[in-house]
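Student: Can you keep this structure in mind? I'll have questions shortly.
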Amino acid sequence: MKPTILMAPRMPARLVLRLEERYEVLGPMSHSAPDALPLGADAARVLLTVGTWKTDAALIDALPSLGLIACYGTGNEGVERAAAKTRGILVSNAADANATSVAEFAVGLMLASARQIGAAERFLRAGRWQGNAIERMAHVPGLAGRKLGIFGLGAIGQRIAVRATAFDMTVGYHNRSPRPDLPYQYHDSLLGLAEWADILMVSVRASSDTRHAIDAAVLRALGPHGHLVNISRGIAVDEAALIEALESGTIAGAALDVYEHEPVVPDRLKALENAVLTPHIAANAESAQIAQQELLLANLEAFFAGRPLLSPVAI
């Protein structure tokens, strides 16, 4: 008999086809709770999920055969680790499989915000461009010589730093601890990094420590010429404070791929000309998706063979 695995949210069709070759696949679930479990879920040895879906003690307890919670992406903040640890359940994620894709997109958002690419497109589409003599957009600073502050110098943050140096930017960062092996300027506080930076890039994992780390004080420190870019998790930014900062000119602009209450994006935020908004697609490069899927399949194979996981999450 094929081992049973449970798919919480719907997974990519290519991955589902691969899974069905080797496993009895149940799901997807309408929501992540015991009352949404399909018939036969008590036999599931693996739960496939994503970090933004809640995998709490109640759901874990409702799956008596569970041995592995496999997160499709890098995030795992929705997993109640204490409950998994109590049961001896393993947790895996995509490690750095999508890091290059996210870093590429982060640089694109940085350009879009700092160089006002979205505003320029709207300017043209509205028929306001009449050549350079009549009405033209205001000049903005370029990226060369500007300071990029990266909050979270992990796999994605490091790749962003490499790409930023190609734009002749100076890179600084704030991390839980310094990285003396890397040639970037360490700042011992997020507030200090924001005061120093022209552009503040948020590249941290979601946790209780990072929730609303970007608050009104950090935005004031970033200042009226500063830009905020977030490609990590929406909860790292106090969205209400950010909207106020953008409306009041406390900061110059923001580019966001993630939001505090996805998929809800506040109307006030959508109305802002100085905000670049995309629907959580930084990891959507085909290469990244294939890499994530291959790693997930390899983790499942290792689990059922009794071998160590390739990308375990410490719990």
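Here's how to read the names in the structure tokens: chain A, B, ... by the order shown, residue numbers from 1 in each chain, ligand numbers from 1 in the order shown.
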Find the residues near Leu37 of chain A: any atom within 10 Å, counting only C-alpha atoms, skip ones fewer than 2 places away on the same chain, and give them as number ranges by chain.

Tutor: A: 6-8, 26-35, 39-42, 59, 62-63

Student: Just want the 7 Å neighbourhood of Gly223 of chain A, counted on only C-alpha atoms, with same-chain residues fewer than 3 positions away dropped. Output as number ranges by chain.

Tutor: A: 219-220, 226, 250-251

Student: Keeping only C-alpha atoms, write those residues as a PDB file, in the first residue's frame.

Tutor:
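Once everything was written out, this is again33.pdb:
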ATOM      1  CA  LEU A 219      10.072  54.526   9.807  1.00  0.00           C
ATOM      2  CA  ARG A 220      10.819  57.959  11.273  1.00  0.00           C
ATOM      3  CA  GLY A 226      13.971  56.645   2.531  1.00  0.00           C
ATOM      4  CA  THR A 250       7.555  60.402   6.779  1.00  0.00           C
ATOM      5  CA  ILE A 251       9.188  58.080   4.226  1.00  0.00           C
TER       6      ILE A 251
END

Student: Looking only at helix (DSSP H, G or I) from DSSP on the backbone, list the matching residues of segment 63-303 of chain A as a VMD selection string.

Tutor: chain A and resid 81 to 87 99 to 114 117 to 125 155 to 166 190 to 196 216 to 222 234 to 236 239 to 248 267 to 270 286 to 303

Student: Using only C-alpha atoms, which protein or nucleic acid residues come within 12 Å of Glu121 of chain A? Drop anything in the same chain fewer than 6 positions from it, and give the result as a PDB file with N, CA and C atoms, in the first residue's frame.

Tutor:
ATOM      1  N   ALA A 112      11.858  49.537  -8.509  1.00  0.00           N
ATOM      2  CA  ALA A 112      10.530  50.062  -8.806  1.00  0.00           C
ATOM      3  C   ALA A 112      10.153  51.201  -7.871  1.00  0.00           C
ATOM      4  N   ARG A 115      13.179  54.250  -8.133  1.00  0.00           N
ATOM      5  CA  ARG A 115      13.182  54.913  -9.439  1.00  0.00           C
ATOM      6  C   ARG A 115      11.775  55.214  -9.953  1.00  0.00           C
ATOM      7  N   GLY A 127      -1.598  59.320 -20.420  1.00  0.00           N
ATOM      8  CA  GLY A 127      -1.455  60.279 -21.510  1.00  0.00           C
ATOM      9  C   GLY A 127      -0.813  61.585 -21.110  1.00  0.00           C
ATOM     10  N   ARG A 128      -0.096  61.588 -19.976  1.00  0.00           N
ATOM     11  CA  ARG A 128       0.488  62.828 -19.478  1.00  0.00           C
ATOM     12  C   ARG A 128       1.859  63.110 -20.088  1.00  0.00           C
ATOM     13  N   TRP A 129       2.457  62.111 -20.698  1.00  0.00           N
ATOM     14  CA  TRP A 129       3.790  62.318 -21.274  1.00  0.00           C
ATOM     15  C   TRP A 129       3.661  62.957 -22.655  1.00  0.00           C
ATOM     16  N   MET A 137       8.181  63.910 -15.205  1.00  0.00           N
ATOM     17  CA  MET A 137       8.252  63.525 -13.798  1.00  0.00           C
ATOM     18  C   MET A 137       9.472  64.136 -13.138  1.00  0.00           C
ATOM     19  N   GLU A 273       0.136  56.482  -4.224  1.00  0.00           N
ATOM     20  CA  GLU A 273       0.999  56.545  -5.403  1.00  0.00           C
ATOM     21  C   GLU A 273       2.437  56.155  -5.083  1.00  0.00           C
ATOM     22  N   VAL A 276       4.511  50.501  -4.091  1.00  0.00           N
ATOM     23  CA  VAL A 276       4.549  49.473  -5.131  1.00  0.00           C
ATOM     24  C   VAL A 276       4.076  48.177  -4.478  1.00  0.00           C
TER      25      VAL A 276
END

Student: Could you find all residues in segment 9-97 of chain A that DSSP calls strand (DSSP E) from the backbone, and write them as a count of residues only?

Tutor: 14

Student: May I ask which of the residues A:Gly152, A:Gly157, A:Gly108, A:Pro9 is the closest one to Ala36 of chain A, counting only C-alpha atoms?

Tutor: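 Answer, going by the shortest atom-to-atom distance: A:Pro9.
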
Student: For a test of reading the model, state the distance in Å between atom CA of Leu47 of chain A and atom CA of Val237 of chain A, rounded to one decimal.

Tutor: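 For atom CA of Leu47 of chain A relative to atom CA of Val237 of chain A, the distance reads 29.3 Å.
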
Student: Which residue gives the smallest distance to Asn230 of chain A among A:Ala245, A:Ala161, A:Ala120, A:Leu256, with only C-alpha atoms counted?

Tutor: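 For Asn230 of chain A, the nearest of the candidates is A:Leu256.
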
Student: Which residues, written as JSON, numbers by chain, have at least one atom at most 9 Å from segment 178-191 of chain A, with only C-alpha atoms counted and residues fewer than 2 positions away on the same chain left out?

Tutor: {"A": [151, 153, 158, 161, 170, 171, 172, 173, 174, 175, 176, 193, 194, 195, 196, 213, 214, 217, 218, 219, 221, 222]}

Student: Could the residues in this selection be saved with N, CA and C atoms as an mmCIF file, in the first residue's frame?

Tutor:
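Below is the file that was written, out-v2.cif:
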data_model
loop_
_atom_site.group_PDB
_atom_site.id
_atom_site.type_symbol
_atom_site.label_atom_id
_atom_site.label_comp_id
_atom_site.auth_asym_id
_atom_site.auth_seq_id
_atom_site.Cartn_x
_atom_site.Cartn_y
_atom_site.Cartn_z
ATOM 1 N N PHE A 151 17.715 44.075 6.860
ATOM 2 C CA PHE A 151 17.297 43.536 8.148
ATOM 3 C C PHE A 151 17.116 42.036 7.991
ATOM 4 N N LEU A 153 20.273 39.031 7.476
ATOM 5 C CA LEU A 153 21.263 38.666 6.462
ATOM 6 C C LEU A 153 21.395 37.151 6.389
ATOM 7 N N GLN A 158 21.765 37.728 1.995
ATOM 8 C CA GLN A 158 23.106 37.710 1.418
ATOM 9 C C GLN A 158 23.065 37.844 -0.097
ATOM 10 N N ALA A 161 22.395 41.392 -0.973
ATOM 11 C CA ALA A 161 23.595 42.204 -0.777
ATOM 12 C C ALA A 161 24.532 42.109 -1.975
ATOM 13 N N THR A 170 26.296 50.837 -1.071
ATOM 14 C CA THR A 170 26.954 50.432 0.165
ATOM 15 C C THR A 170 25.946 49.622 0.983
ATOM 16 N N VAL A 171 26.366 48.476 1.491
ATOM 17 C CA VAL A 171 25.450 47.570 2.174
ATOM 18 C C VAL A 171 25.772 47.498 3.666
ATOM 19 N N GLY A 172 24.745 47.667 4.482
ATOM 20 C CA GLY A 172 24.840 47.437 5.914
ATOM 21 C C GLY A 172 23.733 46.474 6.320
ATOM 22 N N TYR A 173 23.807 45.953 7.540
ATOM 23 C CA TYR A 173 22.794 44.988 7.953
ATOM 24 C C TYR A 173 22.638 44.954 9.462
ATOM 25 N N HIS A 174 21.475 44.466 9.884
ATOM 26 C CA HIS A 174 21.239 44.143 11.289
ATOM 27 C C HIS A 174 20.769 42.705 11.359
ATOM 28 N N ASN A 175 21.405 41.940 12.210
ATOM 29 C CA ASN A 175 21.150 40.513 12.384
ATOM 30 C C ASN A 175 21.118 40.217 13.865
ATOM 31 N N ARG A 176 20.732 39.001 14.216
ATOM 32 C CA ARG A 176 20.821 38.613 15.620
ATOM 33 C C ARG A 176 22.261 38.639 16.116
ATOM 34 N N LEU A 193 20.263 50.938 12.047
ATOM 35 C CA LEU A 193 20.339 50.598 10.624
ATOM 36 C C LEU A 193 19.423 51.511 9.811
ATOM 37 N N ALA A 194 18.206 51.744 10.309
ATOM 38 C CA ALA A 194 17.250 52.600 9.595
ATOM 39 C C ALA A 194 17.754 54.030 9.505
ATOM 40 N N GLU A 195 18.379 54.532 10.563
ATOM 41 C CA GLU A 195 18.932 55.892 10.537
ATOM 42 C C GLU A 195 20.034 56.019 9.491
ATOM 43 N N TRP A 196 20.805 54.965 9.320
ATOM 44 C CA TRP A 196 21.940 54.962 8.383
ATOM 45 C C TRP A 196 21.490 54.787 6.938
ATOM 46 N N ALA A 213 8.459 44.633 13.960
ATOM 47 C CA ALA A 213 9.793 45.191 14.187
ATOM 48 C C ALA A 213 9.954 46.522 13.465
ATOM 49 N N ILE A 214 9.368 46.614 12.271
ATOM 50 C CA ILE A 214 9.359 47.882 11.541
ATOM 51 C C ILE A 214 8.145 48.661 12.024
ATOM 52 N N ALA A 217 8.696 54.239 14.892
ATOM 53 C CA ALA A 217 10.004 54.797 15.225
ATOM 54 C C ALA A 217 11.041 54.457 14.163
ATOM 55 N N VAL A 218 11.020 53.225 13.679
ATOM 56 C CA VAL A 218 11.965 52.818 12.626
ATOM 57 C C VAL A 218 11.682 53.587 11.342
ATOM 58 N N LEU A 219 10.428 53.787 11.021
ATOM 59 C CA LEU A 219 10.072 54.526 9.807
ATOM 60 C C LEU A 219 10.492 55.992 9.915
ATOM 61 N N ALA A 221 13.026 57.016 11.595
ATOM 62 C CA ALA A 221 14.476 56.981 11.457
ATOM 63 C C ALA A 221 14.895 56.836 9.993
ATOM 64 N N LEU A 222 14.133 56.092 9.213
ATOM 65 C CA LEU A 222 14.421 55.926 7.786
ATOM 66 C C LEU A 222 14.309 57.261 7.063
#

Student: Enter the distance from atom CA of Glu260 of chain A to atom CA of Ala57 of chain A, in Å, rounded to one decimal.

Tutor: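 About the pair atom CA of Glu260 of chain A and atom CA of Ala57 of chain A: they are 23.0 Å apart.
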
Student: Name the closest residue to Val46 of chain A among the candidates A:Cys71, A:Ile160, A:Leu242, A:Ala283; distances are taken between atoms, counting only C-alpha atoms.

Tutor: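 Closest residue, counting only C-alpha atoms: A:Cys71.
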
Student: What does the distance from atom CA of Pro224 of chain A to atom CA of Leu277 of chain A come to in Å, to one decimal?

Tutor: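 Going from atom CA of Pro224 of chain A over to atom CA of Leu277 of chain A covers 19.6 Å.
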
Student: Pull the closest atom pair for each residue of segment 172-273 of chain A that gets at most 8 Å from segment 73-82 of chain A, along with the distance in Å to one decimal, counting only C-alpha atoms, ordering rows by chain and then ascending residue number, as a Markdown table.

Tutor:
| residue | atom | partner | partner_atom | distance |
| --- | --- | --- | --- | --- |
| A:Arg205 | CA | A:Gly75 | CA | 7.0 |
| A:Ala206 | CA | A:Glu77 | CA | 6.0 |
| A:Ser207 | CA | A:Glu77 | CA | 6.4 |

Student: Within 12 Å of Ala240 of chain A, counting only C-alpha atoms, which residues qualify if same-chain residues fewer than 3 places away don't, as a list of chain:residue names?

Tutor: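 Residues near the query, excluding close chain neighbours: A:His212, A:Ile214, A:Asp215, A:Ala216, A:Leu219, A:Gly234, A:Ile235, A:Val237, A:Ile243, A:Glu244, A:Ala245, A:Leu246, A:Glu247, A:Tyr259, A:Glu260, A:His261, A:Val265, A:Pro266, A:Asp267, A:Arg268, A:Leu269.
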